[in-house]
Structure formats: C-alpha cells, structure tokens
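Chemist: Quick one: this structure, given as structure tokens, is what I'll be asking you about.
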Amino acid sequence: MINYKLGDKVAVITGGASGIGRACAHTMARSGADVSIWDLDQDAIDDTLKELARYGHRTHGIVVDVADSAAVDQAMADVVGTLGRVDIAVCNAGIGGEASTSGDYTDEGWHQVIGVNLDGVFFTQRAAIRAMRANGGGSIVNMASILGQVGFPTASAYTAAKHGVVGMTQVAAWEHAADGIRVNSVGPAFIRTPLLTARLDEATLQAMAGQHALGRIGTPEEVAELVTWLASDAASFATGTYYPIDGGFLAK
Ligand code: NAD
C-alpha cells in the first residue's frame, strides 16, 4: 500500500461514512491526513470515526446534507474551526435515485438526484475553494462516474449530474489554478458499495462484471487509491482532467 504523504493536510470527504468515501477516508488517514467525514447519518459517521482512530490522526465527523448549501457552508466553517484548515476536498456524496426511462422520469426523482449529485458537488466544491484560498491552495476531487462520459438507460438524472460534474471540474480548474487549487474528477465504473448492493442481487452484479474488460466489479479501495493520489502533491501537474477508473469499461 502506498503512503501518499498527506501528513500536513486536512481532508474533507463527503459521503465519507460508506463505500468509496469511507475507503478514501481510510487511505487518506493511513497516509497521515486529518480527516473530516460528512454524511447523513450520525451512527454511520461514528462507526467510521472509530475505524479511523487506528491511524492516530485527528478526525472529525458531521451530519450534513450536501444538497443544502447553507448547511455545507456551515460544515466547512466547522472543519476550519476544528481542524484549522482545509487542503483536500473529495466531493463524493451521491445517490443512485430513480430508475425510469426519460419519458417516465418524475420531477421529484429528477430534482432529488440533481440536488445531491450535481448541486451537492457544486456547493461542496465552492465552499472548499473559499476555504482553500485562505491557506494558499489545495486539491479538490469530484466524484463523477463512467456516466459522466456515456449514457445509461433509466439513469437520465444521474447521467446528467455526472456529466455536469465533469464540466464544472474543468471550469473550476481554470478559474482557480492561480489560487493554487487543483480540481479533477474521477469516473468509476461498477464498484461494490451499498449504492449497488442495496439495489441489485448478486446475479445482476455478476452480469455487470462482464461489462468491464477485467471481468469483475471494482472495490472502493481501488477508487480510493486514485482519489488519494490526485489529492496528494504527487499529482502536482494534474488539474481539470477526468480520470476513469473503470476496469476497461470505456475502452470498448
Ligand atoms: P454509498 O451509498 O456506499 O455511499 C454514498 C454515501 O453518500 C452514503 O454514506 C450516503 O449516506 C451519503 N450521502 C447520500 N446523500 C447524501 C447527502 N445528500 N448529503 C451527504 N451525504 C450523502 O455509495 P458509493 O458507491 O460509495 O458512492 C459514492 C460516489 O461514487 C457517488 O457519488 C456515486 O455516484 C459514485 N459512483 C459510484 C459507483 C458505484 O458503482 N458504486 C460508480 C460510479 C460512481
């Protein structure tokens, strides 16, 4: 396992109490960062904070709905007040949401997915930029998806949100390079997390595995390695780019 040398850094990870976000919290804390995880459920946050205690760095957790911009701003102020600064933001919280064709998609389902997966990433990115300017820069990693590059039947809102995440990443990278802030997006294919396992049975997951050249579903830890590299100073020339981590999905 790589040590990404984050010893002097404070990381915020939204959706940090499950799946990919929780794996990022582990990889970053293992690499020396102080980590703040944001999520919806206090018990899940507490469980993750207990796991992170093994690395011996400062941790912080807060219940926040990333779709609520005032709550996001308040949470970022809380992190700065508690941990002193923000160097890394992983704007990762997301939901699968309604599965319907474009002709049948409901207003409620559309707004729910866009609210979390697009608005939530924008609000967190904006609050992170404001906090990072105060300490001379940082690295933002926005969680997109393969559906930030291609479409997927029954996922119009999710696909629109993820394409939007890729685009807002490109814009912010150019706007805030002079502030010392790098901004990148990451695009996983199918990863074994509750987002998939809560909705799909094992037979369906195995069928989806065949859509990857590598023939299996990915793990949250494999995504966390890429996210943590992008967050680290080792990725100092990387900004504005979409990084797939998809087992070969997009290569076909
Ligand atoms: P997950 O369900 O395991 O974790 C998502 C976390 O986000 C949960 O802890 C959830 O409580 C939290 N969350 C949801 N809505 C929130 C809100 N409004 N405010 C704060 N927290 C909220 O799922 P995951 O697979 O780890 O997903 C993480 C990200 O990765 C998402 O953006 C998802 O779209 C993306 N992604 C996942 C896959 C996959 O196959 N699992 C593939 C591509 C992209």
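Going through the structure tokens in order, the chains are called A, B, and so on, while each chain numbers its residues from 1 and the ligands are numbered from 1 in the order shown.
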Find the nearest atom pair between each residue of chain A and ligand 1 for residues within 8 Å, count only C-alpha atoms and all ligand atoms, give distances in Å to one decimal, sort rows by chain and ascending number, and present the table as JSON lines.
Modeler:
{"residue": "A:Thr14", "atom": "CA", "partner": "ligand 1", "partner_atom_place_in_ligand_line": "21 (N)", "distance": 5.9}
{"residue": "A:Gly15", "atom": "CA", "partner": "ligand 1", "partner_atom_place_in_ligand_line": "7 (O)", "distance": 3.4}
{"residue": "A:Gly16", "atom": "CA", "partner": "ligand 1", "partner_atom_place_in_ligand_line": "9 (O)", "distance": 6.0}
{"residue": "A:Ala17", "atom": "CA", "partner": "ligand 1", "partner_atom_place_in_ligand_line": "9 (O)", "distance": 4.7}
{"residue": "A:Ser18", "atom": "CA", "partner": "ligand 1", "partner_atom_place_in_ligand_line": "9 (O)", "distance": 4.1}
{"residue": "A:Gly19", "atom": "CA", "partner": "ligand 1", "partner_atom_place_in_ligand_line": "26 (O)", "distance": 3.4}
{"residue": "A:Ile20", "atom": "CA", "partner": "ligand 1", "partner_atom_place_in_ligand_line": "26 (O)", "distance": 3.8}
{"residue": "A:Gly21", "atom": "CA", "partner": "ligand 1", "partner_atom_place_in_ligand_line": "26 (O)", "distance": 5.6}
{"residue": "A:Arg22", "atom": "CA", "partner": "ligand 1", "partner_atom_place_in_ligand_line": "26 (O)", "distance": 7.5}
{"residue": "A:Trp38", "atom": "CA", "partner": "ligand 1", "partner_atom_place_in_ligand_line": "20 (C)", "distance": 6.1}
{"residue": "A:Asp39", "atom": "CA", "partner": "ligand 1", "partner_atom_place_in_ligand_line": "21 (N)", "distance": 3.9}
{"residue": "A:Leu40", "atom": "CA", "partner": "ligand 1", "partner_atom_place_in_ligand_line": "21 (N)", "distance": 4.9}
{"residue": "A:Asp41", "atom": "CA", "partner": "ligand 1", "partner_atom_place_in_ligand_line": "11 (O)", "distance": 6.5}
{"residue": "A:Ala44", "atom": "CA", "partner": "ligand 1", "partner_atom_place_in_ligand_line": "9 (O)", "distance": 7.5}
{"residue": "A:Val63", "atom": "CA", "partner": "ligand 1", "partner_atom_place_in_ligand_line": "20 (C)", "distance": 7.4}
{"residue": "A:Val64", "atom": "CA", "partner": "ligand 1", "partner_atom_place_in_ligand_line": "20 (C)", "distance": 5.5}
{"residue": "A:Asp65", "atom": "CA", "partner": "ligand 1", "partner_atom_place_in_ligand_line": "19 (N)", "distance": 3.5}
{"residue": "A:Val66", "atom": "CA", "partner": "ligand 1", "partner_atom_place_in_ligand_line": "19 (N)", "distance": 4.1}
{"residue": "A:Ala67", "atom": "CA", "partner": "ligand 1", "partner_atom_place_in_ligand_line": "18 (N)", "distance": 5.3}
{"residue": "A:Asp68", "atom": "CA", "partner": "ligand 1", "partner_atom_place_in_ligand_line": "18 (N)", "distance": 7.9}
{"residue": "A:Cys91", "atom": "CA", "partner": "ligand 1", "partner_atom_place_in_ligand_line": "32 (O)", "distance": 7.8}
{"residue": "A:Asn92", "atom": "CA", "partner": "ligand 1", "partner_atom_place_in_ligand_line": "32 (O)", "distance": 4.6}
{"residue": "A:Ala93", "atom": "CA", "partner": "ligand 1", "partner_atom_place_in_ligand_line": "7 (O)", "distance": 3.8}
{"residue": "A:Gly94", "atom": "CA", "partner": "ligand 1", "partner_atom_place_in_ligand_line": "32 (O)", "distance": 3.5}
{"residue": "A:Ile95", "atom": "CA", "partner": "ligand 1", "partner_atom_place_in_ligand_line": "14 (C)", "distance": 5.4}
{"residue": "A:Gly96", "atom": "CA", "partner": "ligand 1", "partner_atom_place_in_ligand_line": "34 (O)", "distance": 6.4}
{"residue": "A:Gly115", "atom": "CA", "partner": "ligand 1", "partner_atom_place_in_ligand_line": "18 (N)", "distance": 7.7}
{"residue": "A:Val116", "atom": "CA", "partner": "ligand 1", "partner_atom_place_in_ligand_line": "18 (N)", "distance": 5.0}
{"residue": "A:Asn117", "atom": "CA", "partner": "ligand 1", "partner_atom_place_in_ligand_line": "32 (O)", "distance": 6.2}
{"residue": "A:Gly120", "atom": "CA", "partner": "ligand 1", "partner_atom_place_in_ligand_line": "18 (N)", "distance": 6.9}
{"residue": "A:Met143", "atom": "CA", "partner": "ligand 1", "partner_atom_place_in_ligand_line": "32 (O)", "distance": 5.2}
{"residue": "A:Ala144", "atom": "CA", "partner": "ligand 1", "partner_atom_place_in_ligand_line": "44 (C)", "distance": 5.7}
{"residue": "A:Ser145", "atom": "CA", "partner": "ligand 1", "partner_atom_place_in_ligand_line": "43 (C)", "distance": 4.0}
{"residue": "A:Ile146", "atom": "CA", "partner": "ligand 1", "partner_atom_place_in_ligand_line": "43 (C)", "distance": 6.3}
{"residue": "A:Leu147", "atom": "CA", "partner": "ligand 1", "partner_atom_place_in_ligand_line": "43 (C)", "distance": 7.4}
{"residue": "A:Tyr158", "atom": "CA", "partner": "ligand 1", "partner_atom_place_in_ligand_line": "34 (O)", "distance": 7.6}
{"residue": "A:Lys162", "atom": "CA", "partner": "ligand 1", "partner_atom_place_in_ligand_line": "34 (O)", "distance": 7.7}
{"residue": "A:Gly187", "atom": "CA", "partner": "ligand 1", "partner_atom_place_in_ligand_line": "43 (C)", "distance": 6.0}
{"residue": "A:Pro188", "atom": "CA", "partner": "ligand 1", "partner_atom_place_in_ligand_line": "43 (C)", "distance": 4.3}
{"residue": "A:Ala189", "atom": "CA", "partner": "ligand 1", "partner_atom_place_in_ligand_line": "42 (C)", "distance": 4.9}
{"residue": "A:Phe190", "atom": "CA", "partner": "ligand 1", "partner_atom_place_in_ligand_line": "40 (O)", "distance": 3.6}
{"residue": "A:Ile191", "atom": "CA", "partner": "ligand 1", "partner_atom_place_in_ligand_line": "40 (O)", "distance": 3.7}
{"residue": "A:Arg192", "atom": "CA", "partner": "ligand 1", "partner_atom_place_in_ligand_line": "41 (N)", "distance": 5.7}
{"residue": "A:Thr193", "atom": "CA", "partner": "ligand 1", "partner_atom_place_in_ligand_line": "3 (O)", "distance": 4.6}
{"residue": "A:Pro194", "atom": "CA", "partner": "ligand 1", "partner_atom_place_in_ligand_line": "3 (O)", "distance": 4.4}
{"residue": "A:Leu195", "atom": "CA", "partner": "ligand 1", "partner_atom_place_in_ligand_line": "2 (O)", "distance": 3.9}
{"residue": "A:Leu196", "atom": "CA", "partner": "ligand 1", "partner_atom_place_in_ligand_line": "41 (N)", "distance": 5.6}
{"residue": "A:Gly218", "atom": "CA", "partner": "ligand 1", "partner_atom_place_in_ligand_line": "40 (O)", "distance": 7.9}
{"residue": "A:Pro220", "atom": "CA", "partner": "ligand 1", "partner_atom_place_in_ligand_line": "26 (O)", "distance": 6.9}
Chemist: Could the residues in this selection be written to a file with C-alpha atoms, as a short mmCIF file (atom, residue, chain, number, x, y, z; two decimals), in the first residue's frame?
Modeler:
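Ended up saving to part.cif:
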data_model
loop_
_atom_site.label_atom_id
_atom_site.label_comp_id
_atom_site.auth_asym_id
_atom_site.auth_seq_id
_atom_site.Cartn_x
_atom_site.Cartn_y
_atom_site.Cartn_z
CA THR A 14 -18.49 13.94 1.68
CA GLY A 15 -20.38 10.67 1.80
CA GLY A 16 -17.44 9.57 3.94
CA ALA A 17 -19.32 7.04 6.05
CA SER A 18 -19.88 4.43 3.33
CA GLY A 19 -18.47 2.87 0.20
CA ILE A 20 -15.96 4.88 -1.82
CA GLY A 21 -15.95 7.83 0.59
CA ARG A 22 -15.18 5.63 3.57
CA TRP A 38 -19.58 14.36 6.15
CA ASP A 39 -22.65 12.18 5.81
CA LEU A 40 -26.36 11.95 6.60
CA ASP A 41 -26.34 9.52 9.50
CA ALA A 44 -22.58 5.59 10.36
CA VAL A 63 -24.10 15.32 9.72
CA VAL A 64 -24.74 17.44 6.66
CA ASP A 65 -26.98 17.20 3.62
CA VAL A 66 -24.78 18.35 0.74
CA ALA A 67 -27.87 19.43 -1.21
CA ASP A 68 -28.34 22.23 1.36
CA CYS A 91 -16.91 15.86 -3.23
CA ASN A 92 -18.19 12.31 -3.29
CA ALA A 93 -21.64 12.06 -1.69
CA GLY A 94 -24.11 10.69 -4.18
CA ILE A 95 -27.23 8.59 -4.70
CA GLY A 96 -28.49 6.27 -7.40
CA GLY A 115 -29.86 18.09 -5.82
CA VAL A 116 -27.38 15.63 -4.32
CA ASN A 117 -25.20 14.57 -7.26
CA GLY A 120 -24.21 18.93 -3.73
CA MET A 143 -16.75 12.07 -7.87
CA ALA A 144 -18.13 11.58 -11.35
CA SER A 145 -18.71 8.16 -12.94
CA ILE A 146 -18.40 6.42 -16.28
CA LEU A 147 -21.84 8.03 -16.65
CA TYR A 158 -27.68 10.54 -12.72
CA LYS A 162 -22.23 13.23 -13.62
CA GLY A 187 -15.02 8.20 -13.03
CA PRO A 188 -15.53 4.75 -11.54
CA ALA A 189 -17.42 2.02 -13.37
CA PHE A 190 -19.30 -0.50 -11.20
CA ILE A 191 -17.92 -0.61 -7.67
CA ARG A 192 -19.11 -2.92 -4.89
CA THR A 193 -20.74 -0.48 -2.44
CA PRO A 194 -24.20 -0.17 -0.87
CA LEU A 195 -25.18 2.11 -3.76
CA LEU A 196 -25.20 -1.02 -5.94
CA GLY A 218 -14.24 -2.89 -8.66
CA PRO A 220 -13.93 1.08 -3.13
#
Chemist: Excluding Thr241 of chain A and any residue of its chain fewer than 5 positions from it, enumerate the residues within 9 Å of it, using only C-alpha atoms, and give them as number ranges by chain.
Modeler: A: 166, 169-170, 173, 183-186
Chemist: Can you list, as an NGL selection string, every residue of segment 47-251 of chain A that DSSP puts in helix (DSSP H, G or I)?
Modeler: :A and (47-55 or 69-83 or 107-133 or 146-148 or 156-179 or 194-197 or 202-209 or 220-231 or 233-235 or 249-251)
Chemist: If you measure from atom CA of Asp8 of chain A to atom CA of Thr124 of chain A, what distance in Å do you get, rounded to one decimal?
Modeler: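 It comes out at 21.5 Å.
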Chemist: Among segment 13-237 of chain A, which ones does DSSP place in strand (DSSP E or B), written as a ChimeraX atom specification?
Modeler: /A:13-14,34-39,59-63,88-91,100,138-143,155,181-188,191,218
Chemist: Can you write out the residues you just picked, keeping C-alpha atoms, as an mmCIF file, in the first residue's frame?
Modeler:
data_model
loop_
_atom_site.group_PDB
_atom_site.id
_atom_site.type_symbol
_atom_site.label_atom_id
_atom_site.label_comp_id
_atom_site.auth_asym_id
_atom_site.auth_seq_id
_atom_site.Cartn_x
_atom_site.Cartn_y
_atom_site.Cartn_z
ATOM 1 C CA ILE A 13 -14.762 13.749 2.369
ATOM 2 C CA THR A 14 -18.493 13.942 1.682
ATOM 3 C CA ASP A 34 -6.523 14.618 9.428
ATOM 4 C CA VAL A 35 -9.913 13.644 8.016
ATOM 5 C CA SER A 36 -13.385 15.145 8.290
ATOM 6 C CA ILE A 37 -16.199 12.948 7.051
ATOM 7 C CA TRP A 38 -19.580 14.362 6.151
ATOM 8 C CA ASP A 39 -22.645 12.183 5.806
ATOM 9 C CA THR A 59 -10.735 13.032 12.894
ATOM 10 C CA HIS A 60 -13.977 14.928 12.675
ATOM 11 C CA GLY A 61 -17.452 13.977 11.549
ATOM 12 C CA ILE A 62 -20.544 15.990 10.832
ATOM 13 C CA VAL A 63 -24.099 15.318 9.722
ATOM 14 C CA ILE A 88 -8.267 18.366 0.298
ATOM 15 C CA ALA A 89 -11.949 18.055 -0.573
ATOM 16 C CA VAL A 90 -13.447 14.880 -2.009
ATOM 17 C CA CYS A 91 -16.908 15.860 -3.230
ATOM 18 C CA SER A 100 -37.052 5.243 -15.103
ATOM 19 C CA GLY A 138 -5.446 22.658 -2.205
ATOM 20 C CA SER A 139 -6.786 19.757 -4.229
ATOM 21 C CA ILE A 140 -10.429 19.021 -4.999
ATOM 22 C CA VAL A 141 -11.534 15.637 -6.323
ATOM 23 C CA ASN A 142 -15.094 15.473 -7.612
ATOM 24 C CA MET A 143 -16.753 12.066 -7.865
ATOM 25 C CA ALA A 155 -30.384 6.915 -15.393
ATOM 26 C CA ILE A 181 -6.145 24.883 -6.269
ATOM 27 C CA ARG A 182 -6.202 21.797 -8.493
ATOM 28 C CA VAL A 183 -9.593 20.310 -9.411
ATOM 29 C CA ASN A 184 -10.082 16.885 -11.002
ATOM 30 C CA SER A 185 -12.893 14.386 -11.431
ATOM 31 C CA VAL A 186 -12.835 10.620 -11.094
ATOM 32 C CA GLY A 187 -15.020 8.204 -13.028
ATOM 33 C CA PRO A 188 -15.533 4.746 -11.541
ATOM 34 C CA ILE A 191 -17.919 -0.612 -7.665
ATOM 35 C CA GLY A 218 -14.244 -2.894 -8.664
#
Chemist: Rank A:Val86, A:Val10, A:Ala25, A:Leu226 by their smallest atom-to-atom distance to Glu51 of chain A, using only C-alpha atoms, and report the top residue only.
Modeler: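 Nearest to Glu51 of chain A: A:Ala25.
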Chemist: Work out how far atom CA of Ala23 of chain A is from atom CA of Glu221 of chain A, in Å to one decimal.
Modeler: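 Going from atom CA of Glu221 of chain A over to atom CA of Ala23 of chain A, I get 5.3 Å.
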Chemist: Using Å and a single decimal, report how far atom CA of Ala33 of chain A sits from atom CA of Lys9 of chain A.
Modeler: 5.1 Å
Chemist: Considering only C-alpha atoms, return as a ChimeraX atom specification whatever protein or nucleic-acid residues lie within 10 Å of segment 207-215 of chain A, sequence-local ones (same chain, fewer than 6 positions apart) excluded.
Modeler: /A:189-191,246-252
Chemist: Taking into account only C-alpha atoms, which residue in the set A:Ile217, A:Ala75, A:Gly136, A:Gly148 is nearest to Tyr243 of chain A?
Modeler: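 With only C-alpha atoms as the atom set, the closest residue is A:Gly148.
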Chemist: Nearest residue to Met76 of chain A out of A:His26, A:Arg126, A:Lys50, A:Arg216, using only C-alpha atoms?
Modeler: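 Of all the options, A:Arg126 lies closest to Met76 of chain A.
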Chemist: Using only C-alpha atoms, which of A:Asp87, A:Thr82, A:Asp233, A:Trp174 sits nearest Asn135 of chain A?
Modeler: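 Of the candidates, the smallest distance to Asn135 of chain A is held by A:Asp87.
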